[in-house]
Amino acid sequence: MATQTEWPQSLKDFANRAFSACTDSNRKLVSDELRALIFQSFQEGTIHSTDWSKVELKSLSVSKKQPIKKRGALSGSPSTLDDLARKEKRARRFEKDQEEFLRSENEGLQSATASTSLAGRLGNASLDSSIGANGRLDQRRTAARGHSSSSLPSRKGKFSQMTPSPSFAEGEYADPNVIDWDEHTVVGTSTKLEKPYLRLTSAPDPKTVRPLSTLQQTLELLKKKWRTEGNYAYICDQFKSMRQDLTVQRIKNEFTVKVYEIHARIALEKGDLGEYNQCQSQLRGLYAYNIPGCTMEFLAYRILYLLHTRNRRDVNALMAELTAGHKAEPAVAHALSVRSALVTGNYHKFFELYNDAPNMNAYVMDHFVERERVNALLVIAKGYRPHCPLSFIASELAFADAMEAHEFLASHNCATYIDPTPTELVATLSPRGKKKAKGQSLPFEKRNWDAKTAIDALNGAMEKYRKVDIKGQI
């Protein structure tokens with residue numbers, strides 16, 4: 001039953017003649033017409049009864065391809081040799097086109113059997129057997145190569161005596177779907193220590209890219225300048241330029257990790273969450289390669305950053321990845337305690353952790369501590385109303401003093417206080433000021449915050465914290 005699906009030899013010869021007679025200009029037309037003709041013949045069941053030696057293609061009736069002249073008829077002129085090289089290359093390309101055509105025809109016929117009654121007659125016989133996916137296709141390729149290039153070895157021998165011939169090995173046809181990364185790798189030659197950051201709009205020039213040895217000197221220079229000058233705009237620009245040079249040269253080692261870690265810490269110190277987050281994102285990829293670095297320190301920063309963005313899904317996913325060793329690290333344990341305090345609404349514990357944060361955890365917390373202060377004030381207002389001492393708020397919410405607490409309340413339009421009675425005012429003033437009690441006001445550390453009146457203002461203040469500006473996230 002499977003032999004009924006074999007390609008007849010006359011059809012194979014017909015396909016070979018068609019491809020040898022076509023040119024580059026009509027190759028696609030010939031291929032399309034041939035594919036349609038074979039498919040139609042297969043559908044009608046005449047693929048074995050057709051006399052393929054008498055079939056003509058309309059796309060070949062207009063012009064015929066001139067046959068390739070024999071090697072012996074060629075002269076030894078350079079132009080003739082170039083023509084020969086082009087013809088040999090075209091012959092190799094013809095072989096590939098022919099194989100691709102046969103493969104695509106087999107796939108088309110196989111799909112046709114799945115949608116016609118012919119599939120039922122064939123049963124489980126696959127058209128793969130007719131084309132020989134594993135064995136016969138290899139034999140056909142070998143035979144086709146032997147048929148079309150049987151005289152190539154002798155001709156190449158004669159041709160090589162006159163002039164070196166180009167190689168037409170199979171390796172000449174590179175897979176276009178595979179990117180040659182080495183082709184785009186740059187090795188810098190610049191020796192300049194300082195270079196401004198410019199976004200690349202074309203391929204990088206090796207003359208303007210600094211190699212690893214120069215970048216190591218640049219890092220030491222920038223560290224000294226940061227300690228002495230503290231110019232963040234300049235330092236950030238230089239670090240971004242260093243990161244760019246590392247990227248275009250595909251340098252991923254301990255030095256790369258060190259550059260990103262230092263830049264991230266400087267960005268945190270200056271409150272630049274965008275640059276920090278870009279460094280953090282790159283560090284995650286570098287740590288995944290098991291490159292040594294301050295992994296636990298930046299893991300704690302990532303946990304706190306996710307708390308800032310209120311990304312509960314990523315927090316839970318990260319929690320599932322933590323091991324007992326991770327949780328035992330002081331920085332990570334602190335970040336997890338912050339998470340626990342926020343989840344349970346334990347603001348007293350939260351602000352204690354804020355005042356006692358290791359490394360630069362407090363710098364990350366700075367970005368969401370105001371939001372949590374407003375939340376805590378809402379809890380205090382509902383629990384302590386009608387009023388609450390301002391000094392208690394200052395100590396409980398980690399303010400430096402009562403004046404700083406008052407300024408925070410004023411910035412959120414909730415700095416309302418209970419007016420003291422004359423007796424309370426006299427009692428709180430010093431003996432010298434008692435004579436001038438009229439018109440005097442209590443010092444901030446003695447004032448009572450009007451919690452009942454402030455609730456509406458605090459609810460309005462929470463609106464601006466409902467959306468988080470995620471800067472620089474990748």
# chains A, B, ... in the order shown; residues from 1 in each chain; ligands from 1
>>> select_by_dssp(residues="region 280-462 of chain A", states="alpha helix (DSSP H)", output="PyMOL selection string")
chain A and resi 280-288+295-309+312-321+324-328+330-344+347-355+361-365+369-384+390-396+402-411+422-428+451-461
>>> write_last_selection(atoms="C-alpha atoms", output="compact mmCIF listing (two decimals), in the first residue's frame")
# COMPACT_ATOMS: atom_id res chain seq x y z
CA GLN A 280 19.10 46.03 40.94
CA SER A 281 17.54 44.44 37.85
CA GLN A 282 20.96 43.84 36.27
CA LEU A 283 22.39 42.49 39.52
CA ARG A 284 19.68 39.85 39.68
CA GLY A 285 20.82 38.52 36.30
CA LEU A 286 24.49 38.62 37.31
CA TYR A 287 23.82 36.82 40.60
CA ALA A 288 21.98 34.14 38.61
CA THR A 295 23.83 38.92 47.29
CA MET A 296 22.13 38.99 50.69
CA GLU A 297 22.41 42.76 51.02
CA PHE A 298 20.65 43.35 47.71
CA LEU A 299 18.14 40.58 48.37
CA ALA A 300 17.03 42.58 51.43
CA TYR A 301 16.80 45.73 49.29
CA ARG A 302 14.64 43.86 46.78
CA ILE A 303 12.22 42.69 49.48
CA LEU A 304 11.86 46.25 50.77
CA TYR A 305 11.47 47.60 47.24
CA LEU A 306 8.62 45.16 46.59
CA LEU A 307 7.00 46.35 49.81
CA HIS A 308 7.28 49.88 48.48
CA THR A 309 5.58 48.93 45.20
CA ARG A 312 2.22 41.18 46.75
CA ARG A 313 2.54 38.57 44.02
CA ASP A 314 6.28 39.08 43.63
CA VAL A 315 6.73 39.27 47.40
CA ASN A 316 5.04 35.89 47.82
CA ALA A 317 7.05 34.39 44.95
CA LEU A 318 10.26 35.68 46.48
CA MET A 319 9.29 34.38 49.92
CA ALA A 320 8.81 30.91 48.43
CA GLU A 321 12.37 30.97 47.08
CA ALA A 324 16.69 28.96 55.94
CA GLY A 325 20.15 30.32 55.19
CA HIS A 326 18.69 33.39 53.50
CA LYS A 327 16.36 34.10 56.40
CA ALA A 328 19.24 33.84 58.89
CA PRO A 330 20.68 39.94 59.36
CA ALA A 331 19.75 42.20 56.43
CA VAL A 332 17.22 39.73 55.02
CA ALA A 333 15.81 39.00 58.48
CA HIS A 334 15.29 42.74 58.98
CA ALA A 335 13.46 43.08 55.65
CA LEU A 336 11.23 40.12 56.50
CA SER A 337 10.44 41.67 59.89
CA VAL A 338 9.41 44.88 58.12
CA ARG A 339 7.09 42.86 55.90
CA SER A 340 5.59 41.11 58.93
CA ALA A 341 5.02 44.44 60.70
CA LEU A 342 3.22 45.90 57.68
CA VAL A 343 1.07 42.82 57.14
CA THR A 344 -0.06 42.77 60.78
CA TYR A 347 3.37 50.27 63.25
CA HIS A 348 5.19 50.48 66.56
CA LYS A 349 7.42 47.61 65.44
CA PHE A 350 7.71 49.03 61.93
CA PHE A 351 9.18 52.35 63.08
CA GLU A 352 11.49 50.59 65.50
CA LEU A 353 12.87 48.63 62.55
CA TYR A 354 13.14 51.86 60.57
CA ASN A 355 15.35 53.39 63.28
CA ASN A 361 17.71 49.30 54.31
CA ALA A 362 16.48 52.59 55.78
CA TYR A 363 17.23 54.37 52.47
CA VAL A 364 14.82 52.01 50.68
CA MET A 365 12.26 52.43 53.47
CA VAL A 369 7.77 55.56 55.25
CA GLU A 370 5.57 58.64 54.68
CA ARG A 371 2.79 56.45 53.35
CA GLU A 372 2.99 54.25 56.43
CA ARG A 373 3.05 57.31 58.71
CA VAL A 374 -0.26 58.45 57.26
CA ASN A 375 -1.67 54.95 57.77
CA ALA A 376 -0.39 54.95 61.35
CA LEU A 377 -1.89 58.40 62.00
CA LEU A 378 -5.26 57.08 60.86
CA VAL A 379 -5.00 54.25 63.37
CA ILE A 380 -3.95 56.68 66.12
CA ALA A 381 -6.72 59.14 65.26
CA LYS A 382 -9.37 56.44 65.54
CA GLY A 383 -7.92 54.94 68.70
CA TYR A 384 -6.98 58.11 70.63
CA LEU A 390 1.99 65.56 69.70
CA SER A 391 5.05 64.34 71.61
CA PHE A 392 3.62 60.80 71.53
CA ILE A 393 3.20 61.01 67.75
CA ALA A 394 6.78 62.26 67.36
CA SER A 395 8.26 59.38 69.35
CA GLU A 396 5.96 56.68 67.97
CA ALA A 402 7.74 67.48 67.89
CA MET A 403 8.52 70.26 65.41
CA GLU A 404 9.24 67.73 62.62
CA ALA A 405 6.01 65.93 63.48
CA HIS A 406 4.10 69.22 63.26
CA GLU A 407 5.61 69.99 59.85
CA PHE A 408 4.57 66.55 58.58
CA LEU A 409 1.01 67.08 59.82
CA ALA A 410 0.91 70.54 58.27
CA SER A 411 2.07 69.17 54.88
CA PRO A 422 -6.07 79.39 80.52
CA THR A 423 -5.34 77.20 83.53
CA GLU A 424 -3.54 74.61 81.36
CA LEU A 425 -1.65 77.35 79.59
CA VAL A 426 -0.45 78.93 82.86
CA ALA A 427 0.48 75.53 84.26
CA THR A 428 2.67 74.67 81.30
CA ALA A 451 -7.42 63.52 66.18
CA LYS A 452 -11.17 63.70 65.52
CA THR A 453 -10.91 66.69 63.19
CA ALA A 454 -7.86 65.28 61.35
CA ILE A 455 -9.49 62.04 60.18
CA ASP A 456 -11.07 63.55 57.05
CA ALA A 457 -7.80 65.24 56.04
CA LEU A 458 -5.87 61.99 56.54
CA ASN A 459 -8.32 60.04 54.37
CA GLY A 460 -7.79 62.61 51.64
CA ALA A 461 -4.02 62.43 52.06
>>> residues_around(residues="Asn448 (chain A)", least_positions_apart="2", cutoff="9 Å", atoms="only C-alpha atoms", output="PyMOL selection string")
chain A and resi 387-391+416-420+444-446+450-451
>>> residues_around(residues="Cys236 (chain A)", least_positions_apart="2", cutoff="10 Å", atoms="only C-alpha atoms", output="ChimeraX atom specification")
/A:196-197,222,231-234,238-242,263-264,266-267,272,275
>>> residues_around(residues="Asp245 (chain A)", least_positions_apart="4", cutoff="9 Å", atoms="only C-alpha atoms", output="JSON, numbers by chain")
{"A": [188, 209, 210, 211, 212, 215, 240, 241, 249, 250, 251]}
>>> atom_distance(atom1="CA of Glu44 (chain A)", atom2="CA of Cys22 (chain A)")
26.7 Å
>>> residues_around(residues="Asp97 (chain A)", least_positions_apart="6", cutoff="10 Å", atoms="only C-alpha atoms", output="list of chain:residue names")
A:Phe19, A:Arg27, A:Ser31, A:Ala91, A:Arg103
>>> write_last_selection(atoms="C-alpha atoms", output="PDB file, in the first residue's frame")
ATOM      1  CA  PHE A  19      14.726  23.483 -11.793  1.00  0.00           C
ATOM      2  CA  ARG A  27      12.592  30.426 -10.015  1.00  0.00           C
ATOM      3  CA  SER A  31       8.413  26.409  -8.000  1.00  0.00           C
ATOM      4  CA  ALA A  91      24.545  24.982  -9.033  1.00  0.00           C
ATOM      5  CA  ARG A 103      10.665  18.598   1.444  1.00  0.00           C
TER       6      ARG A 103
END
>>> closest_residue(among="A:Gly45, A:Pro204, A:Pro443, A:Gly230", to="Val186 (chain A)", atoms="only C-alpha atoms")
A:Pro204
>>> closest_residue(among="A:Thr218, A:Thr256, A:Ser53, A:Thr201", to="Gln9 (chain A)", atoms="only C-alpha atoms")
A:Ser53
>>> closest_residue(among="A:Arg310, A:Glu254, A:Trp52, A:Asn277", to="Tyr289 (chain A)", atoms="only C-alpha atoms")
A:Glu254
